[in-house]
$ cat coords09.txt   # compact mmCIF, C-alpha atoms
# COMPACT_ATOMS: atom_id res chain seq x y z
CA MET A 1 -53.82 40.73 74.13
CA SER A 2 -54.32 38.92 70.86
CA THR A 3 -53.13 39.92 67.47
CA GLU A 4 -55.01 38.99 64.28
CA ILE A 5 -53.26 38.82 60.96
CA THR A 6 -55.60 39.33 58.08
CA GLY A 7 -55.34 39.85 54.37
CA LEU A 8 -52.85 37.07 53.78
CA ALA A 9 -53.99 34.91 50.87
CA THR A 10 -52.68 31.39 50.68
CA SER A 11 -52.28 30.07 47.17
CA ALA A 12 -51.90 26.40 46.23
CA PRO A 13 -48.37 25.42 45.22
CA THR A 14 -47.83 25.36 41.49
CA LYS A 15 -47.30 21.87 40.16
CA PRO A 16 -44.31 21.55 37.84
CA LYS A 17 -45.26 20.82 34.28
CA THR A 18 -44.51 17.34 33.10
CA VAL A 19 -42.36 17.33 30.02
CA ARG A 20 -43.23 14.40 27.81
CA ARG A 21 -40.61 13.40 25.32
CA THR A 22 -41.32 11.17 22.40
CA ALA A 23 -39.25 8.00 22.49
CA GLN A 24 -36.12 8.39 20.45
CA LEU A 25 -36.28 4.95 18.87
CA PRO A 26 -38.89 2.23 18.30
CA SER A 27 -39.29 -0.24 21.14
CA LYS A 28 -40.08 -3.23 18.91
CA GLY A 29 -37.28 -5.17 17.26
CA VAL A 30 -38.89 -5.34 13.82
CA SER A 31 -39.51 -1.58 13.70
CA LEU A 32 -36.02 -0.88 15.03
CA GLY A 33 -34.47 -3.09 12.36
CA ALA A 34 -36.44 -1.38 9.59
CA LEU A 35 -35.42 2.08 10.84
CA ALA A 36 -31.77 1.10 11.29
CA THR A 37 -31.62 -0.41 7.79
CA THR A 38 -32.94 2.82 6.26
CA VAL A 39 -30.62 5.00 8.36
CA ALA A 40 -27.55 2.88 7.55
CA ALA A 41 -28.26 3.20 3.83
CA GLY A 42 -28.84 6.95 4.19
CA TRP A 43 -25.56 7.41 6.04
CA GLN A 44 -23.67 5.42 3.41
CA ALA A 45 -25.00 7.71 0.67
CA SER A 46 -24.47 10.99 2.55
CA ARG A 47 -21.52 13.36 2.98
CA LEU A 48 -21.77 13.00 6.76
CA PRO A 49 -18.41 11.62 7.94
CA ALA A 50 -17.86 8.53 10.04
CA LEU A 51 -17.76 8.68 13.82
CA LEU A 52 -14.38 8.17 15.47
CA TRP A 53 -15.56 4.88 16.97
CA LEU A 54 -18.02 3.73 14.27
CA THR A 55 -17.61 3.66 10.50
CA LYS A 56 -20.44 3.57 7.99
CA ASP A 57 -19.55 0.04 6.89
CA ASP A 58 -19.34 -1.25 10.45
CA PHE A 59 -22.74 0.19 11.30
CA ALA A 60 -24.31 -1.31 8.18
CA ALA A 61 -22.84 -4.71 9.13
CA GLN A 62 -24.16 -4.40 12.71
CA VAL A 63 -27.64 -3.60 11.43
CA ALA A 64 -27.66 -6.50 8.95
CA ALA A 65 -26.51 -8.92 11.68
CA PHE A 66 -29.15 -7.65 14.11
CA VAL A 67 -31.97 -8.06 11.59
CA ALA A 68 -30.82 -11.59 10.71
CA ASN A 69 -30.44 -12.66 14.35
CA HIS A 70 -33.86 -11.23 15.21
CA GLN A 71 -35.50 -13.26 12.45
CA GLU A 72 -33.65 -16.43 13.48
CA ALA A 73 -34.61 -16.00 17.16
CA ASP A 74 -38.26 -15.55 16.22
CA SER A 75 -38.17 -18.61 13.96
CA ALA A 76 -36.55 -20.71 16.71
CA GLY A 77 -39.28 -19.65 19.11
CA ASP A 78 -41.98 -20.61 16.62
CA ALA A 79 -40.39 -24.03 16.15
CA ARG A 80 -40.55 -24.73 19.90
CA ALA A 81 -44.29 -24.12 20.19
CA PRO A 82 -45.53 -27.47 18.73
CA GLN A 83 -42.96 -29.40 20.81
CA ALA A 84 -44.05 -27.68 24.03
CA LYS A 85 -47.72 -28.30 23.26
CA ARG A 86 -47.17 -31.99 22.56
CA LEU A 87 -45.05 -32.49 25.69
CA LYS A 88 -47.82 -30.95 27.75
CA ALA A 89 -50.35 -33.36 26.22
CA LEU A 90 -48.05 -36.32 26.90
CA ASP A 91 -47.66 -35.22 30.53
CA LYS A 92 -51.43 -35.48 30.92
CA GLN A 93 -51.44 -39.00 29.44
CA LEU A 94 -48.62 -40.11 31.73
CA ASP A 95 -50.42 -38.75 34.79
CA ALA A 96 -53.70 -40.33 33.70
CA GLY A 97 -52.12 -43.77 33.21
CA LEU A 98 -50.27 -43.65 36.51
CA ARG A 99 -53.40 -43.96 38.63
CA TYR A 100 -54.17 -47.30 37.00
CA VAL A 101 -50.67 -48.57 37.73
CA LYS A 102 -51.11 -47.49 41.36
CA GLY A 103 -54.41 -49.38 41.27
CA TYR A 104 -52.64 -52.56 40.09
CA LEU A 105 -50.23 -52.25 43.01
CA GLY A 106 -53.07 -51.67 45.44
CA GLU A 107 -54.86 -54.80 44.26
CA GLN A 108 -51.77 -57.03 44.52
CA TYR A 109 -50.00 -55.68 47.60
CA ASP A 110 -51.19 -54.61 51.05
CA ASP A 111 -48.44 -51.98 51.32
CA GLU A 112 -48.42 -50.74 47.73
CA GLU A 113 -46.54 -47.53 48.61
CA ALA A 114 -43.48 -49.62 49.45
CA TYR A 115 -43.19 -50.42 45.71
CA TYR A 116 -43.69 -46.87 44.41
CA GLY A 117 -39.97 -46.08 44.22
CA GLU A 118 -39.40 -49.12 42.04
CA PHE A 119 -42.01 -47.76 39.62
CA GLY A 120 -40.46 -44.29 39.51
CA ILE A 121 -43.21 -42.84 41.69
CA GLU A 122 -42.22 -40.27 44.31
CA LYS A 123 -43.95 -38.16 46.90
CA VAL A 124 -44.61 -34.63 45.64
CA GLY A 125 -46.31 -32.55 48.29
CA LYS A 126 -49.05 -34.74 49.72
CA SER A 127 -49.47 -37.05 46.74
CA TYR A 128 -47.47 -39.75 45.00
CA GLN A 129 -46.76 -39.12 41.33
CA LEU A 130 -44.14 -39.06 38.63
CA PRO A 131 -41.50 -36.32 38.97
CA THR A 132 -42.60 -32.98 37.57
CA ALA A 133 -39.21 -32.08 36.08
CA ARG A 134 -39.14 -33.60 32.61
CA PRO A 135 -35.61 -35.10 32.55
CA GLU A 136 -36.38 -36.88 35.84
CA ARG A 137 -39.79 -37.87 34.49
CA VAL A 138 -38.19 -39.66 31.53
CA GLN A 139 -35.98 -41.64 33.88
CA ALA A 140 -38.98 -42.47 36.10
CA VAL A 141 -41.04 -43.81 33.18
CA GLY A 142 -38.07 -45.98 32.17
CA LYS A 143 -38.09 -47.47 35.70
CA LEU A 144 -41.86 -47.90 35.51
CA LEU A 145 -41.60 -49.91 32.30
CA ALA A 146 -39.05 -52.26 33.84
CA ALA A 147 -41.16 -52.64 37.00
CA LEU A 148 -44.30 -53.43 34.98
CA ARG A 149 -42.51 -56.44 33.47
CA LYS A 150 -41.02 -57.54 36.75
CA HIS A 151 -44.38 -57.51 38.57
CA LYS A 152 -46.26 -59.10 35.65
CA PHE A 153 -48.38 -56.01 34.89
CA ASP A 154 -46.91 -55.64 31.39
CA LYS A 155 -49.88 -57.36 29.68
CA ASN A 156 -52.50 -55.25 31.46
CA LYS A 157 -54.43 -52.51 29.68
CA TYR A 158 -52.10 -49.91 31.18
CA GLY A 159 -49.03 -52.10 30.83
CA THR A 160 -46.13 -51.73 28.41
CA ALA A 161 -48.37 -51.32 25.35
CA TYR A 162 -49.63 -48.09 26.91
CA TRP A 163 -46.38 -46.78 28.39
CA GLN A 164 -43.73 -47.70 25.81
CA PRO A 165 -45.00 -45.48 22.94
CA LEU A 166 -45.45 -42.57 25.37
CA TYR A 167 -41.94 -43.09 26.72
CA ASP A 168 -40.36 -43.24 23.26
CA GLU A 169 -42.11 -40.11 21.99
CA TYR A 170 -41.58 -38.18 25.22
CA GLN A 171 -37.87 -38.98 25.32
CA ALA A 172 -37.35 -37.94 21.68
CA LEU A 173 -39.35 -34.74 22.03
CA LEU A 174 -37.53 -33.75 25.20
CA ALA A 175 -34.16 -34.23 23.52
CA ASP A 176 -35.25 -32.07 20.57
CA ALA A 177 -36.74 -29.43 22.87
CA THR A 178 -33.54 -29.24 24.92
CA THR A 179 -31.47 -28.76 21.76
CA SER A 180 -33.80 -26.12 20.30
CA THR A 181 -33.99 -24.28 23.62
CA GLY A 182 -30.21 -24.04 23.73
CA GLN A 183 -30.08 -22.83 20.14
CA ARG A 184 -32.78 -20.24 20.74
CA SER A 185 -31.06 -18.99 23.88
CA GLY A 186 -27.90 -18.41 21.87
CA LYS A 187 -29.81 -16.61 19.12
CA VAL A 188 -31.70 -14.44 21.62
CA SER A 189 -28.42 -13.51 23.30
CA GLN A 190 -26.91 -12.53 19.95
CA LYS A 191 -30.04 -10.56 19.08
CA ASP A 192 -30.00 -8.67 22.39
CA GLN A 193 -26.32 -7.80 22.06
CA GLY A 194 -26.86 -6.67 18.49
CA GLU A 195 -29.86 -4.56 19.46
CA ALA A 196 -27.80 -2.72 22.09
CA GLN A 197 -25.13 -1.92 19.48
CA VAL A 198 -27.69 -0.71 16.93
CA ARG A 199 -29.47 1.52 19.45
CA LYS A 200 -26.14 2.99 20.54
CA GLY A 201 -25.22 3.73 16.93
CA LEU A 202 -28.60 5.30 16.09
CA ARG A 203 -28.53 7.57 19.13
CA ALA A 204 -25.01 8.66 18.31
CA LEU A 205 -26.04 9.41 14.72
CA ILE A 206 -28.91 11.61 15.90
CA HIS A 207 -26.44 13.77 17.85
CA HIS A 208 -23.93 13.58 14.99
CA ILE A 209 -26.50 14.96 12.55
CA LYS A 210 -27.63 17.68 14.95
CA ALA A 211 -24.02 18.76 15.50
CA ASN A 212 -23.22 18.92 11.78
CA TYR A 213 -26.49 20.52 10.70
CA PRO A 214 -27.45 22.84 13.59
CA ASP A 215 -29.97 24.86 11.56
CA THR A 216 -31.49 22.14 9.36
CA TYR A 217 -31.07 19.02 11.46
CA GLU A 218 -34.80 18.19 11.51
CA ALA A 219 -34.92 17.97 7.73
CA GLU A 220 -31.64 16.06 7.68
CA LEU A 221 -32.93 13.57 10.23
CA ARG A 222 -35.99 12.94 8.09
CA GLY A 223 -33.76 12.53 5.07
CA PHE A 224 -31.78 9.84 6.87
CA GLY A 225 -34.98 7.97 7.70
CA PHE A 226 -35.70 9.30 11.18
CA GLN A 227 -39.22 10.59 11.41
CA LYS A 228 -39.92 13.47 13.77
CA GLU A 229 -42.02 11.27 16.07
CA THR A 230 -39.15 8.77 16.53
CA PHE A 231 -36.27 11.01 17.57
CA GLY A 232 -37.81 13.35 20.14
CA GLY A 233 -36.71 16.83 21.00

$ encode --input "coords09.txt" --output "structure tokens"
Amino acid sequence: MSTEITGLATSAPTKPKTVRRTAQLPSKGVSLGALATTVAAGWQASRLPALLWLTKDDFAAQVAAFVANHQEADSAGDARAPQAKRLKALDKQLDAGLRYVKGYLGEQYDDEEAYYGEFGIEKVGKSYQLPTARPERVQAVGKLLAALRKHKFDKNKYGTAYWQPLYDEYQALLADATTSTGQRSGKVSQKDQGEAQVRKGLRALIHHIKANYPDTYEAELRGFGFQKETFGG
């Protein structure tokens, strides 16, 4: 005996609605700095009291330091671009000249690879070339210059007249690039730390304003410099 169950309607499960919140604060450093500068000035001029852990003056100082460090980090990055471009071009010239030096060795010696180490040439993968890491590459070109003189290749077209200027410029640029990279790393670190402090202070101020002005906080937030689209619900 079979039993049929009829009249039962199956409905598709209701998907939960996705709540989209507007980002509280700008994601870009420049926009964040502009907002924070306006908010810090608004807080200084308002009757809203200080936070227990953050005074108005301290926040203003944090914002000013963040804006300055952000500008310095960007400037340091811009200064590195020409150096990096020139080093890349010099790498191509070094690699291009090396095949002629290997040709000189091949013409003079039956086992030319036995002399590669003396010329700063090493095996990278399946080919013999100058080291790819730039500090090691500088050292290798210095060895190559000495070996060119020792093996009487220094007067050739791709002898010392070709390699010495490249070596001098490459060495100087690499030293400058290393210094500027270290400086930029320090500035970026300062900027990132400052950004975290500023974001923490701005978020705290949003809640501080809402707590002190429960009925008019939206207008107060706008008065401080927060626009409705930047502080969410």

$ atom_distance --input "coords09.txt" --atom1 "atom CA of Trp53 of chain A" --atom2 "atom CA of Gly201 of chain A"
9.7 Å

$ atom_distance --input "coords09.txt" --atom1 "atom CA of Glu107 of chain A" --atom2 "atom CA of Ile121 of chain A"
16.9 Å

$ atom_distance --input "coords09.txt" --atom1 "atom CA of Gly106 of chain A" --atom2 "atom CA of Leu87 of chain A"
28.7 Å

$ residues_around --input "coords09.txt" --residues "Phe224 of chain A" --least-positions-apart "2" --cutoff "6 Å" --atoms "all atoms listed in the file" --output "mmCIF file with C-alpha atoms, keeping the file's coordinate frame"
data_model
loop_
_atom_site.group_PDB
_atom_site.id
_atom_site.type_symbol
_atom_site.label_atom_id
_atom_site.label_comp_id
_atom_site.auth_asym_id
_atom_site.auth_seq_id
_atom_site.Cartn_x
_atom_site.Cartn_y
_atom_site.Cartn_z
ATOM 1 C CA VAL A 39 -30.620 5.000 8.360
ATOM 2 C CA GLY A 42 -28.840 6.950 4.190
ATOM 3 C CA LEU A 221 -32.930 13.570 10.230
ATOM 4 C CA ARG A 222 -35.990 12.940 8.090
ATOM 5 C CA PHE A 226 -35.700 9.300 11.180
#

$ residues_around --input "coords09.txt" --residues "Trp43 of chain A" --least-positions-apart "6" --cutoff "9 Å" --atoms "only C-alpha atoms" --output "list in words"
Pro49, Ala50, Lys56, Leu205 and Phe224 of chain A

$ residues_around --input "coords09.txt" --residues "Tyr116 of chain A" --least-positions-apart "3" --cutoff "10 Å" --atoms "all atoms listed in the file" --output "short mmCIF file (atom, residue, chain, number, x, y, z; two decimals) with C-alpha atoms, in the coordinates of the input"
data_model
loop_
_atom_site.label_atom_id
_atom_site.label_comp_id
_atom_site.auth_asym_id
_atom_site.auth_seq_id
_atom_site.Cartn_x
_atom_site.Cartn_y
_atom_site.Cartn_z
CA VAL A 101 -50.67 -48.57 37.73
CA LYS A 102 -51.11 -47.49 41.36
CA LEU A 105 -50.23 -52.25 43.01
CA ASP A 111 -48.44 -51.98 51.32
CA GLU A 112 -48.42 -50.74 47.73
CA GLU A 113 -46.54 -47.53 48.61
CA PHE A 119 -42.01 -47.76 39.62
CA GLY A 120 -40.46 -44.29 39.51
CA ILE A 121 -43.21 -42.84 41.69
CA GLU A 122 -42.22 -40.27 44.31
CA LYS A 123 -43.95 -38.16 46.90
CA TYR A 128 -47.47 -39.75 45.00
CA GLN A 129 -46.76 -39.12 41.33
CA LEU A 130 -44.14 -39.06 38.63
CA LEU A 144 -41.86 -47.90 35.51
CA ALA A 147 -41.16 -52.64 37.00
#

$ closest_residue --input "coords09.txt" --among "A:Arg47, A:Arg199, A:Arg137, A:Lys150" --to "Leu32 of chain A" --atoms "only C-alpha atoms"
A:Arg199

$ residues_around --input "coords09.txt" --residues "Asp58 of chain A" --least-positions-apart "3" --cutoff "12 Å" --atoms "all atoms listed in the file" --output "PDB file with C-alpha atoms, in the coordinates of the input"
ATOM      1  CA  ALA A  40     -27.550   2.880   7.550  1.00  0.00           C
ATOM      2  CA  ALA A  41     -28.260   3.200   3.830  1.00  0.00           C
ATOM      3  CA  TRP A  43     -25.560   7.410   6.040  1.00  0.00           C
ATOM      4  CA  GLN A  44     -23.670   5.420   3.410  1.00  0.00           C
ATOM      5  CA  ALA A  50     -17.860   8.530  10.040  1.00  0.00           C
ATOM      6  CA  LEU A  51     -17.760   8.680  13.820  1.00  0.00           C
ATOM      7  CA  LEU A  52     -14.380   8.170  15.470  1.00  0.00           C
ATOM      8  CA  TRP A  53     -15.560   4.880  16.970  1.00  0.00           C
ATOM      9  CA  LEU A  54     -18.020   3.730  14.270  1.00  0.00           C
ATOM     10  CA  THR A  55     -17.610   3.660  10.500  1.00  0.00           C
ATOM     11  CA  ALA A  61     -22.840  -4.710   9.130  1.00  0.00           C
ATOM     12  CA  GLN A  62     -24.160  -4.400  12.710  1.00  0.00           C
ATOM     13  CA  VAL A  63     -27.640  -3.600  11.430  1.00  0.00           C
ATOM     14  CA  ALA A  64     -27.660  -6.500   8.950  1.00  0.00           C
ATOM     15  CA  ALA A  65     -26.510  -8.920  11.680  1.00  0.00           C
ATOM     16  CA  GLN A 197     -25.130  -1.920  19.480  1.00  0.00           C
ATOM     17  CA  VAL A 198     -27.690  -0.710  16.930  1.00  0.00           C
ATOM     18  CA  GLY A 201     -25.220   3.730  16.930  1.00  0.00           C
TER      19      GLY A 201
END

$ closest_residue --input "coords09.txt" --among "A:Asp154, A:Asp110, A:Asp57, A:Glu169" --to "Ala89 of chain A" --atoms "all atoms listed in the file"
A:Glu169

$ closest_residue --input "coords09.txt" --among "A:Leu48, A:Pro165, A:Thr160, A:Ala84" --to "Asn212 of chain A" --atoms "all atoms listed in the file"
A:Leu48

$ closest_residue --input "coords09.txt" --among "A:Arg203, A:Pro82, A:Gly33, A:Ile209" --to "His70 of chain A" --atoms "only C-alpha atoms"
A:Gly33

$ closest_residue --input "coords09.txt" --among "A:Pro135, A:Thr37, A:Gln108, A:Tyr167" --to "Lys152 of chain A" --atoms "only C-alpha atoms"
A:Gln108

$ closest_residue --input "coords09.txt" --among "A:Gly29, A:Tyr213, A:Gln24, A:Tyr104" --to "Lys155 of chain A" --atoms "all atoms listed in the file"
A:Tyr104

$ build_atoms --input "coords09.txt" --residues "segment 33-44 of chain A" --atoms "all heavy atoms" --output "compact mmCIF listing (two decimals), keeping the file's coordinate frame"
# COMPACT_ATOMS: atom_id res chain seq x y z
N GLY A 33 -35.27 -2.59 13.47
CA GLY A 33 -34.47 -3.09 12.36
C GLY A 33 -34.78 -2.37 11.05
O GLY A 33 -33.86 -2.06 10.28
N ALA A 34 -36.05 -2.09 10.82
CA ALA A 34 -36.44 -1.38 9.59
C ALA A 34 -35.86 0.03 9.59
O ALA A 34 -35.33 0.51 8.58
CB ALA A 34 -37.96 -1.32 9.48
N LEU A 35 -35.97 0.73 10.74
CA LEU A 35 -35.42 2.08 10.84
C LEU A 35 -33.91 2.07 10.65
O LEU A 35 -33.36 2.87 9.87
CB LEU A 35 -35.77 2.68 12.20
CG LEU A 35 -35.06 4.01 12.54
CD1 LEU A 35 -35.50 5.12 11.59
CD2 LEU A 35 -35.34 4.41 13.99
N ALA A 36 -33.23 1.15 11.35
CA ALA A 36 -31.77 1.10 11.29
C ALA A 36 -31.28 0.80 9.88
O ALA A 36 -30.27 1.33 9.43
CB ALA A 36 -31.25 0.06 12.27
N THR A 37 -32.00 -0.07 9.17
CA THR A 37 -31.62 -0.41 7.79
C THR A 37 -31.69 0.82 6.90
O THR A 37 -30.79 1.09 6.08
CB THR A 37 -32.54 -1.51 7.24
OG1 THR A 37 -32.42 -2.68 8.06
CG2 THR A 37 -32.18 -1.86 5.81
N THR A 38 -32.77 1.59 7.05
CA THR A 38 -32.94 2.82 6.26
C THR A 38 -31.87 3.85 6.62
O THR A 38 -31.26 4.48 5.74
CB THR A 38 -34.33 3.43 6.52
OG1 THR A 38 -35.33 2.48 6.15
CG2 THR A 38 -34.53 4.70 5.71
N VAL A 39 -31.61 4.02 7.91
CA VAL A 39 -30.62 5.00 8.36
C VAL A 39 -29.22 4.62 7.89
O VAL A 39 -28.43 5.48 7.44
CB VAL A 39 -30.66 5.14 9.89
CG1 VAL A 39 -29.50 5.99 10.40
CG2 VAL A 39 -31.98 5.77 10.34
N ALA A 40 -28.88 3.33 7.99
CA ALA A 40 -27.55 2.88 7.55
C ALA A 40 -27.33 3.17 6.07
O ALA A 40 -26.25 3.64 5.67
CB ALA A 40 -27.40 1.38 7.83
N ALA A 41 -28.37 2.91 5.26
CA ALA A 41 -28.26 3.20 3.83
C ALA A 41 -28.14 4.70 3.58
O ALA A 41 -27.36 5.16 2.73
CB ALA A 41 -29.47 2.64 3.10
N GLY A 42 -28.91 5.50 4.34
CA GLY A 42 -28.84 6.95 4.19
C GLY A 42 -27.48 7.50 4.57
O GLY A 42 -26.96 8.42 3.91
N TRP A 43 -26.89 6.96 5.61
CA TRP A 43 -25.56 7.41 6.04
C TRP A 43 -24.50 7.05 5.00
O TRP A 43 -23.61 7.85 4.70
CB TRP A 43 -25.24 6.78 7.39
CG TRP A 43 -24.05 7.37 8.09
CD1 TRP A 43 -23.44 8.56 7.83
CD2 TRP A 43 -23.31 6.78 9.16
NE1 TRP A 43 -22.38 8.76 8.69
CE2 TRP A 43 -22.29 7.67 9.51
CE3 TRP A 43 -23.45 5.59 9.87
CZ2 TRP A 43 -21.37 7.41 10.54
CZ3 TRP A 43 -22.55 5.33 10.90
CH2 TRP A 43 -21.51 6.23 11.23
N GLN A 44 -24.61 5.84 4.44
CA GLN A 44 -23.67 5.42 3.41
C GLN A 44 -23.68 6.38 2.22
O GLN A 44 -22.62 6.68 1.63
CB GLN A 44 -24.02 4.00 2.92
CG GLN A 44 -23.72 2.89 3.91
CD GLN A 44 -22.29 2.40 3.83
OE1 GLN A 44 -21.43 3.08 3.30
NE2 GLN A 44 -22.04 1.21 4.36
